[in-house]
Amino acid sequence: MRSFAAAGSLVIFSHFSMMAQTERPVLDLVLPTSNDAIFSGGGAAFYQYIERDFKGVKSTPWEGGQYGFVRDPIETSSGIVYTRFHEGIDIKPLRRDARNEPLDEVRAIADGKVVHTNVVPGYSNYGNYVVIEHRWAGSNYYSLYGHLSSIAVQPGDSVHRGQRIAVMGYTGVGLNQARAHLHLELNLMFSHRFEAWHDAFFKNDPNHNGIYNGINLAGLDIARLYLALHRNPSLTIPEFLSSEEIFYKVILPKSPHFELPKLYPWMLVAGTRNEKSSWEVSFARSGLPLKIEPSEKHVTQPELSYVKKSSIDYSYLTRDEISGRRDHVHLTEYGRGLMRLLIWPD
């Protein structure tokens, strides 16, 4: 894989900036099932509820099926904070048979290629799942369909927008028949060197899903994207993500293995960069990378350079990637490891 060289870096920046500005593909997404209540404001009709027991009070909020920090509430001095992040959306079934088994057909949200199928439910929290690769504006994105009862495609298959790929189910951890649903994500990928990184950091935890392991996929808010496309069909993913709030920034050591700028060149902010420059990456609270800038600060390990001010412990706010309070903030061991994935094997 080609690395960035000092010579010509300004040309590369210019090319990437022009490409991001001139390529405007139509995403043309469709919903993956016949449930379209998202467009009529039907939260409870669209999202599958979760089962919650908070301070002895049991409830079944549909809000827990949304994207974002919507699960595992705790009470803090600043109020209730939801600490568990949900990478996708949970779409409830419309059809069941006499035995209450879900019958909803699952379809590809856009044209693409099937790159992974997991057919052993115990190999993932997603249960049986499918990953489809889509290419828009020179970058690859990955839709993931989880908790399937059956799969009708295999890796290597080309699929068309709206094509049947599976049937909804309830395979995976913590599900029962009553809560059958489709878990849908649309992701960016961190690194194609994920497997070697995982072997080094999780020696006792087998990786059965290669680079399509959920740790290596960063999900965007696909429900909000559907609604935004409903209003503006010409919207691009870079335009959509430009409104995301930057929650923290990390400076990475200079590395020829930093793949993110090559995978998603629209993240690059044009600027002068010399041979010794590091990279500063901006992230949403979810951990989704948003922007890449050159940094003149020399670092030998990933270093937190900015975080949005908060009185709440950052481990509750950032999927345990950052810890501490106010000015005493640092990357956790997991956070440092995840940042190293971006430049692995350096």
# chains A, B, ... in the order shown; residues from 1 in each chain; ligands from 1
call {"tool": "residues_around", "arguments": {"residues": "Glu333 in chain A", "least_positions_apart": "5", "cutoff": "9 Å", "atoms": "only C-alpha atoms", "output": "JSON, numbers by chain"}}
result
{"A": [321, 322, 338]}
call {"tool": "residues_around", "arguments": {"residues": "range 178-195 of chain A", "least_positions_apart": "6", "cutoff": "6 Å", "atoms": "only C-alpha atoms", "output": "PyMOL selection string"}}
result
chain A and resi 88-93+141-146+168-170+210-211+216-219
call {"tool": "atom_distance", "arguments": {"atom1": "CA of Asn213 in chain A", "atom2": "CA of Ile132 in chain A"}}
result
13.2 Å
call {"tool": "closest_residue", "arguments": {"among": "A:Lys55, A:Lys297, A:Asp346, A:Ile312", "to": "Ser78 in chain A", "atoms": "only C-alpha atoms"}}
result
A:Ile312
call {"tool": "closest_residue", "arguments": {"among": "A:Gly43, A:Pro73, A:Gly65, A:Pro294", "to": "Val269 in chain A", "atoms": "only C-alpha atoms"}}
result
A:Pro294
call {"tool": "closest_atom_pairs", "arguments": {"of": "range 263-343 of chain A", "to": "range 74-77 of chain A", "cutoff": "12 Å", "atoms": "only C-alpha atoms", "output": "CSV"}}
result
residue,atom,partner,partner_atom,distance
A:Ser310,CA,A:Ser77,CA,11.8
A:Ser311,CA,A:Ser77,CA,8.8
A:Ile312,CA,A:Thr76,CA,7.5
A:Asp313,CA,A:Thr76,CA,9.3
A:Tyr316,CA,A:Ile74,CA,9.0
A:Leu317,CA,A:Ile74,CA,11.4
call {"tool": "decode", "arguments": {"residues": "range 158-250 of chain A", "atoms": "C-alpha atoms", "output": "short mmCIF file (atom, residue, chain, number, x, y, z; two decimals), in the first residue's frame"}}
result
data_model
loop_
_atom_site.label_atom_id
_atom_site.label_comp_id
_atom_site.auth_asym_id
_atom_site.auth_seq_id
_atom_site.Cartn_x
_atom_site.Cartn_y
_atom_site.Cartn_z
CA SER A 158 -23.21 -8.09 -6.40
CA VAL A 159 -26.51 -6.80 -5.07
CA HIS A 160 -28.89 -4.12 -6.23
CA ARG A 161 -30.72 -1.50 -4.22
CA GLY A 162 -33.83 -3.13 -2.75
CA GLN A 163 -32.71 -6.71 -3.47
CA ARG A 164 -33.70 -9.37 -0.92
CA ILE A 165 -30.66 -10.50 1.05
CA ALA A 166 -32.09 -12.08 4.22
CA VAL A 167 -35.01 -12.54 6.60
CA MET A 168 -35.33 -10.71 9.90
CA GLY A 169 -34.70 -12.69 13.07
CA TYR A 170 -33.45 -12.57 16.65
CA THR A 171 -30.06 -14.29 16.52
CA GLY A 172 -27.36 -12.79 18.71
CA VAL A 173 -26.86 -11.88 22.35
CA GLY A 174 -29.76 -10.86 24.59
CA LEU A 175 -32.62 -11.21 22.12
CA ASN A 176 -35.85 -13.17 22.28
CA GLN A 177 -38.64 -13.77 19.81
CA ALA A 178 -40.73 -10.87 21.11
CA ARG A 179 -37.88 -8.42 20.43
CA ALA A 180 -37.00 -9.72 16.95
CA HIS A 181 -35.71 -6.88 14.76
CA LEU A 182 -33.23 -5.85 12.10
CA HIS A 183 -30.16 -4.05 13.38
CA LEU A 184 -28.94 -1.75 10.60
CA GLU A 185 -25.70 0.22 10.42
CA LEU A 186 -23.87 2.33 7.85
CA ASN A 187 -20.17 2.44 8.64
CA LEU A 188 -16.76 3.79 7.82
CA MET A 189 -13.79 1.43 8.21
CA PHE A 190 -10.76 2.19 10.38
CA SER A 191 -8.08 -0.05 8.90
CA HIS A 192 -7.48 -3.03 6.63
CA ARG A 193 -4.78 -4.13 9.10
CA PHE A 194 -7.38 -4.76 11.78
CA GLU A 195 -6.79 -8.50 12.09
CA ALA A 196 -3.13 -8.13 13.05
CA TRP A 197 -4.01 -5.36 15.51
CA HIS A 198 -6.78 -7.50 17.06
CA ASP A 199 -4.43 -10.46 17.44
CA ALA A 200 -2.00 -8.24 19.36
CA PHE A 201 -4.52 -6.50 21.62
CA PHE A 202 -7.07 -9.27 22.20
CA LYS A 203 -4.96 -12.42 22.35
CA ASN A 204 -7.62 -14.46 24.18
CA ASP A 205 -10.60 -13.24 22.16
CA PRO A 206 -10.81 -14.92 18.72
CA ASN A 207 -11.83 -12.71 15.82
CA HIS A 208 -14.21 -14.71 13.62
CA ASN A 209 -15.19 -11.86 11.32
CA GLY A 210 -11.94 -10.49 9.94
CA ILE A 211 -11.88 -6.79 9.08
CA TYR A 212 -15.69 -6.73 9.31
CA ASN A 213 -15.59 -7.05 13.09
CA GLY A 214 -17.72 -4.31 14.67
CA ILE A 215 -14.69 -2.77 16.42
CA ASN A 216 -13.27 -1.86 13.00
CA LEU A 217 -16.50 -0.23 11.77
CA ALA A 218 -17.57 3.25 12.89
CA GLY A 219 -21.27 3.88 12.40
CA LEU A 220 -22.93 7.13 11.41
CA ASP A 221 -26.49 8.12 12.35
CA ILE A 222 -28.29 6.34 9.51
CA ALA A 223 -31.78 7.29 10.72
CA ARG A 224 -30.88 10.97 10.58
CA LEU A 225 -29.29 10.36 7.16
CA TYR A 226 -32.52 8.83 5.82
CA LEU A 227 -34.48 11.86 7.02
CA ALA A 228 -31.90 14.29 5.62
CA LEU A 229 -31.98 12.54 2.22
CA HIS A 230 -35.76 12.70 2.29
CA ARG A 231 -35.43 16.50 2.40
CA ASN A 232 -32.39 16.78 0.11
CA PRO A 233 -31.84 13.78 -2.22
CA SER A 234 -28.55 15.19 -3.53
CA LEU A 235 -26.91 15.18 -0.08
CA THR A 236 -23.49 13.50 0.18
CA ILE A 237 -22.03 11.76 3.22
CA PRO A 238 -19.28 14.40 3.71
CA GLU A 239 -21.94 17.11 3.63
CA PHE A 240 -24.10 15.16 6.07
CA LEU A 241 -21.23 14.65 8.52
CA SER A 242 -20.11 18.28 8.32
CA SER A 243 -22.80 19.14 10.89
CA GLU A 244 -21.51 16.60 13.44
CA GLU A 245 -20.04 18.15 16.58
CA ILE A 246 -16.34 17.53 17.20
CA PHE A 247 -16.11 16.11 20.72
CA TYR A 248 -12.41 15.30 20.96
CA LYS A 249 -9.17 15.36 18.96
CA VAL A 250 -6.15 13.06 19.01
#
